[in-house]
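Notes follow once the structure below has been shown.
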Amino acid sequence: MDNSLHILSPTNKAESRQSRREFLRNALALSVIAASCGPSTVLAKVLPDDVIEKGASLTGIYTLRFSEFTALRSVNGSIRLDIPNAPRSLGRIVVSRIAQNEFSALSEMCTHSGCVIEPFQNGRFNCFCHGSVFNARGAVVNGPANRPLPSFATTYRAGDDFVQIDIPGLVTSSVLGDSQVSFSLGQNYPNPASGQTTIEYNVEKQSMVTISLLSILGKEISELVKKEHEPGVHRITTDVSSLSRGVYLYRMETSAGFTQTRKLTVI
Ligand code: FES
């Protein structure tokens, strides 16, 4: 962990706590992306109203005002929240107005095998990879998924012009510069993809990172990344529109000996 975060002299402790709190708050800022837009269309940053430290994890309560997030004014309106440094298995959080006075906040990652669910429509979320369907609260309507989508508490009182989302313990102190970010390769989004798709990956320590696109039989098609990386979270966006429809693989390898492979579907 960044040592400077722990140096609190008795005389300036309150001041330091304040700046640390501000630092945490900014570190937890969410990017808000319209559900109907591409994955890189960031509309705004949302800061948590407050940050509570619980051991190594942090809790943030986020306020989404309808004046800024107009999609949430209407029933069936939906946005996606991008949480930097959250576990890759979570993806973004889909916040939807599922009834006049009711909201849901769900992980966008299908619990069957990690594809990104489609936008909220007709009270449901479809996953086109293998046909799973979830209801507005994330419960399974049709398999093969057999677990609900991870969900987060929302607070809304009739007449309010905002909704609050409580996101507990998603972000650990690694966001603050802790060098304990482990190597990992995230699921590309959107997936399936027909145009641009983004792959996020974590680098634990400085190393050469190679990410290759492979056929389903493991034959290399192209090299997406090959360079020395600093520790941290990295992203690569690639265009798959020239590829034939089908299932592909992408593999991350590092000079530190880490290897991980995931599937990517082109439609
Ligand atoms: S990944 Fe969603 S149905 Fe298989």
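The chains in the structure tokens are called A, B, ... from first to last as shown; in each chain the residues are counted from 1, and the ligands are counted from 1 in the order shown.
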*Who sits within 12 Å of Leu213 in chain A, only C-alpha atoms, same chain under 4 positions skipped, as a ChimeraX atom specification*: /A:188,199,217-226,238-240,243,247-253,261-265
Go ahead and save the picked residues with C-alpha atoms, as a PDB file, in the first residue's frame.
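The resulting file, result04.pdb, is reproduced below:
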ATOM      1  CA  ASN A 188     -14.231  -8.495 -23.080  1.00  0.00           C
ATOM      2  CA  ILE A 199     -10.531  -6.084 -22.827  1.00  0.00           C
ATOM      3  CA  LEU A 217      -8.315 -24.234 -32.101  1.00  0.00           C
ATOM      4  CA  GLY A 218      -5.623 -22.064 -30.524  1.00  0.00           C
ATOM      5  CA  LYS A 219      -3.997 -20.775 -33.745  1.00  0.00           C
ATOM      6  CA  GLU A 220      -2.777 -17.191 -33.413  1.00  0.00           C
ATOM      7  CA  ILE A 221      -4.696 -14.671 -35.544  1.00  0.00           C
ATOM      8  CA  SER A 222      -3.158 -11.446 -34.303  1.00  0.00           C
ATOM      9  CA  GLU A 223      -1.248  -9.863 -31.469  1.00  0.00           C
ATOM     10  CA  LEU A 224      -3.372  -7.267 -29.693  1.00  0.00           C
ATOM     11  CA  VAL A 225      -0.764  -6.150 -27.156  1.00  0.00           C
ATOM     12  CA  LYS A 226       2.941  -6.698 -26.763  1.00  0.00           C
ATOM     13  CA  THR A 238      -9.995  -3.806 -30.670  1.00  0.00           C
ATOM     14  CA  ASP A 239     -12.226  -3.982 -33.735  1.00  0.00           C
ATOM     15  CA  VAL A 240     -13.510  -7.454 -34.581  1.00  0.00           C
ATOM     16  CA  LEU A 243     -13.618 -11.460 -38.317  1.00  0.00           C
ATOM     17  CA  VAL A 247     -16.086 -18.140 -31.103  1.00  0.00           C
ATOM     18  CA  TYR A 248     -12.472 -17.046 -30.642  1.00  0.00           C
ATOM     19  CA  LEU A 249      -9.997 -17.098 -27.770  1.00  0.00           C
ATOM     20  CA  TYR A 250      -7.750 -14.389 -26.397  1.00  0.00           C
ATOM     21  CA  ARG A 251      -4.786 -15.132 -24.195  1.00  0.00           C
ATOM     22  CA  MET A 252      -2.721 -12.987 -21.858  1.00  0.00           C
ATOM     23  CA  GLU A 253       0.859 -14.006 -21.076  1.00  0.00           C
ATOM     24  CA  THR A 261      -7.274 -17.410 -21.730  1.00  0.00           C
ATOM     25  CA  ARG A 262     -10.887 -16.322 -22.319  1.00  0.00           C
ATOM     26  CA  LYS A 263     -13.489 -16.760 -25.016  1.00  0.00           C
ATOM     27  CA  LEU A 264     -14.731 -13.982 -27.278  1.00  0.00           C
ATOM     28  CA  THR A 265     -17.785 -14.345 -29.522  1.00  0.00           C
TER      29      THR A 265
END
For ligand 1, collect every residue having any atom at a distance of at most 9 Å from a ligand atom (counting only C-alpha atoms and all ligand atoms); output as a PDB file with C-alpha atoms, in the first residue's frame.
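Saved result, result.pdb, follows:
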ATOM      1  CA  MET A 109     -22.140 -10.343 -16.201  1.00  0.00           C
ATOM      2  CA  CYS A 110     -24.295 -13.374 -16.907  1.00  0.00           C
ATOM      3  CA  THR A 111     -23.806 -15.972 -14.178  1.00  0.00           C
ATOM      4  CA  HIS A 112     -23.719 -18.806 -16.696  1.00  0.00           C
ATOM      5  CA  SER A 113     -20.362 -18.084 -18.255  1.00  0.00           C
ATOM      6  CA  GLY A 114     -19.680 -14.396 -18.064  1.00  0.00           C
ATOM      7  CA  CYS A 115     -21.180 -12.818 -21.193  1.00  0.00           C
ATOM      8  CA  VAL A 116     -22.515  -9.281 -20.883  1.00  0.00           C
ATOM      9  CA  ILE A 117     -26.310  -9.157 -20.623  1.00  0.00           C
ATOM     10  CA  ASN A 126     -31.400 -11.458 -22.034  1.00  0.00           C
ATOM     11  CA  CYS A 127     -28.037 -13.084 -22.466  1.00  0.00           C
ATOM     12  CA  PHE A 128     -27.687 -14.014 -26.099  1.00  0.00           C
ATOM     13  CA  CYS A 129     -24.651 -16.240 -25.594  1.00  0.00           C
ATOM     14  CA  HIS A 130     -26.672 -19.288 -24.564  1.00  0.00           C
ATOM     15  CA  GLY A 131     -30.168 -17.925 -24.014  1.00  0.00           C
ATOM     16  CA  SER A 132     -30.338 -17.195 -20.292  1.00  0.00           C
ATOM     17  CA  VAL A 133     -33.012 -14.729 -19.199  1.00  0.00           C
ATOM     18  CA  ASN A 142     -34.563 -19.226 -18.101  1.00  0.00           C
ATOM     19  CA  GLY A 143     -31.290 -21.146 -17.887  1.00  0.00           C
ATOM     20  CA  PRO A 144     -28.719 -22.388 -18.511  1.00  0.00           C
ATOM     21  CA  ALA A 145     -27.715 -19.810 -15.853  1.00  0.00           C
TER      22      ALA A 145
END
_Let me make sure I understand: among A:Phe152, A:Phe103, A:Phe162, A:Phe183, which one has the smallest atom-to-atom distance to Val75 in chain A if we use only C-alpha atoms?_
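Between A:Phe152, A:Phe103, A:Phe162, A:Phe183, the residue approaching Val75 in chain A most closely is A:Phe103.
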*Point out the residue among A:Thr155, A:Asn76, A:Thr63, A:Asn191 with the least atom-to-atom distance to Ala136 in chain A, counting only C-alpha atoms.*
A:Asn76
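You will find CA of Ala139 in chain A at 9.8 Å from CA of Phe125 in chain A.
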_Residue contacts of Tyr201 in chain A (7 Å, only C-alpha atoms) excluding same-chain residues fewer than 6 positions away, as a list in words_ = Ser184, Leu185, Gly186, Val233, His234 and Arg235 of chain A
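Here CA of Gly123 in chain A stands at a distance of 19.4 Å from CA of Leu81 in chain A.
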*Pick from A:Ala71, A:Leu106, A:Ile93, A:Ile267, whichever lies nearest to Thr197 in chain A using only C-alpha atoms*: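 For Thr197 in chain A, the nearest of the given residues is A:Ile267.
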*asked:* If I take CA of Gln187 in chain A and CA of Glu118 in chain A, how far is one from the other in Å, to one decimal?
replied: 15.1 Å
*Pick out the residues sitting within 8 Å of range 206-209 of chain A, and hand them over as number ranges by chain; count only C-alpha atoms, and ignore anything fewer than 2 positions along from it in its own chain.*
A: 203-204, 211, 225-231, 252-256
Go ahead and dump the residues you just picked, N, CA and C atoms, as a PDB file, in the first residue's frame.
ATOM      1  N   VAL A 203      -2.243  -5.833 -14.157  1.00  0.00           N
ATOM      2  CA  VAL A 203      -0.822  -6.198 -14.149  1.00  0.00           C
ATOM      3  C   VAL A 203      -0.303  -5.988 -12.733  1.00  0.00           C
ATOM      4  N   GLU A 204       0.182  -7.050 -12.145  1.00  0.00           N
ATOM      5  CA  GLU A 204       0.596  -7.003 -10.736  1.00  0.00           C
ATOM      6  C   GLU A 204       1.929  -6.283 -10.552  1.00  0.00           C
ATOM      7  N   ILE A 211      -0.977 -10.006 -25.349  1.00  0.00           N
ATOM      8  CA  ILE A 211      -2.351 -10.513 -25.468  1.00  0.00           C
ATOM      9  C   ILE A 211      -2.564 -10.864 -26.933  1.00  0.00           C
ATOM     10  N   VAL A 225      -1.634  -6.924 -28.045  1.00  0.00           N
ATOM     11  CA  VAL A 225      -0.764  -6.150 -27.156  1.00  0.00           C
ATOM     12  C   VAL A 225       0.576  -6.865 -27.068  1.00  0.00           C
ATOM     13  N   LYS A 226       1.640  -6.115 -27.123  1.00  0.00           N
ATOM     14  CA  LYS A 226       2.941  -6.698 -26.763  1.00  0.00           C
ATOM     15  C   LYS A 226       3.830  -5.550 -26.332  1.00  0.00           C
ATOM     16  N   LYS A 227       3.938  -5.339 -25.052  1.00  0.00           N
ATOM     17  CA  LYS A 227       4.820  -4.277 -24.556  1.00  0.00           C
ATOM     18  C   LYS A 227       5.020  -4.410 -23.054  1.00  0.00           C
ATOM     19  N   GLU A 228       5.987  -3.670 -22.588  1.00  0.00           N
ATOM     20  CA  GLU A 228       6.270  -3.619 -21.161  1.00  0.00           C
ATOM     21  C   GLU A 228       5.153  -2.835 -20.472  1.00  0.00           C
ATOM     22  N   HIS A 229       4.675  -3.336 -19.352  1.00  0.00           N
ATOM     23  CA  HIS A 229       3.581  -2.672 -18.629  1.00  0.00           C
ATOM     24  C   HIS A 229       3.993  -2.315 -17.215  1.00  0.00           C
ATOM     25  N   GLU A 230       3.493  -1.172 -16.769  1.00  0.00           N
ATOM     26  CA  GLU A 230       3.601  -0.800 -15.361  1.00  0.00           C
ATOM     27  C   GLU A 230       2.483  -1.514 -14.607  1.00  0.00           C
ATOM     28  N   PRO A 231       2.611  -1.687 -13.291  1.00  0.00           N
ATOM     29  CA  PRO A 231       1.517  -2.292 -12.519  1.00  0.00           C
ATOM     30  C   PRO A 231       0.254  -1.435 -12.615  1.00  0.00           C
ATOM     31  N   MET A 252      -3.690 -13.932 -22.435  1.00  0.00           N
ATOM     32  CA  MET A 252      -2.721 -12.987 -21.858  1.00  0.00           C
ATOM     33  C   MET A 252      -1.554 -13.785 -21.286  1.00  0.00           C
ATOM     34  N   GLU A 253      -0.343 -13.369 -21.632  1.00  0.00           N
ATOM     35  CA  GLU A 253       0.859 -14.006 -21.076  1.00  0.00           C
ATOM     36  C   GLU A 253       1.793 -12.899 -20.598  1.00  0.00           C
ATOM     37  N   THR A 254       2.436 -13.130 -19.491  1.00  0.00           N
ATOM     38  CA  THR A 254       3.372 -12.122 -18.986  1.00  0.00           C
ATOM     39  C   THR A 254       4.736 -12.751 -18.751  1.00  0.00           C
ATOM     40  N   SER A 255       5.744 -11.886 -18.714  1.00  0.00           N
ATOM     41  CA  SER A 255       7.102 -12.376 -18.463  1.00  0.00           C
ATOM     42  C   SER A 255       7.255 -12.861 -17.025  1.00  0.00           C
ATOM     43  N   ALA A 256       6.215 -12.568 -16.186  1.00  0.00           N
ATOM     44  CA  ALA A 256       6.249 -13.059 -14.803  1.00  0.00           C
ATOM     45  C   ALA A 256       5.662 -14.461 -14.700  1.00  0.00           C
TER      46      ALA A 256
END
*as number ranges by chain, list the residues of range 70-214 of chain A assigned to strand (DSSP E) by DSSP on the backbone atoms of this structure.*
A: 78-82, 93-99, 102-107, 124-126, 133-135, 140-142, 151-155, 162-172, 184-185, 196-203, 207-214
*asked:* Just checking: using only C-alpha atoms, which residue out of A:Gly159, A:Asn146, A:Leu64, A:Pro192 ends up closest to Ser241 in chain A?
replied: A:Pro192
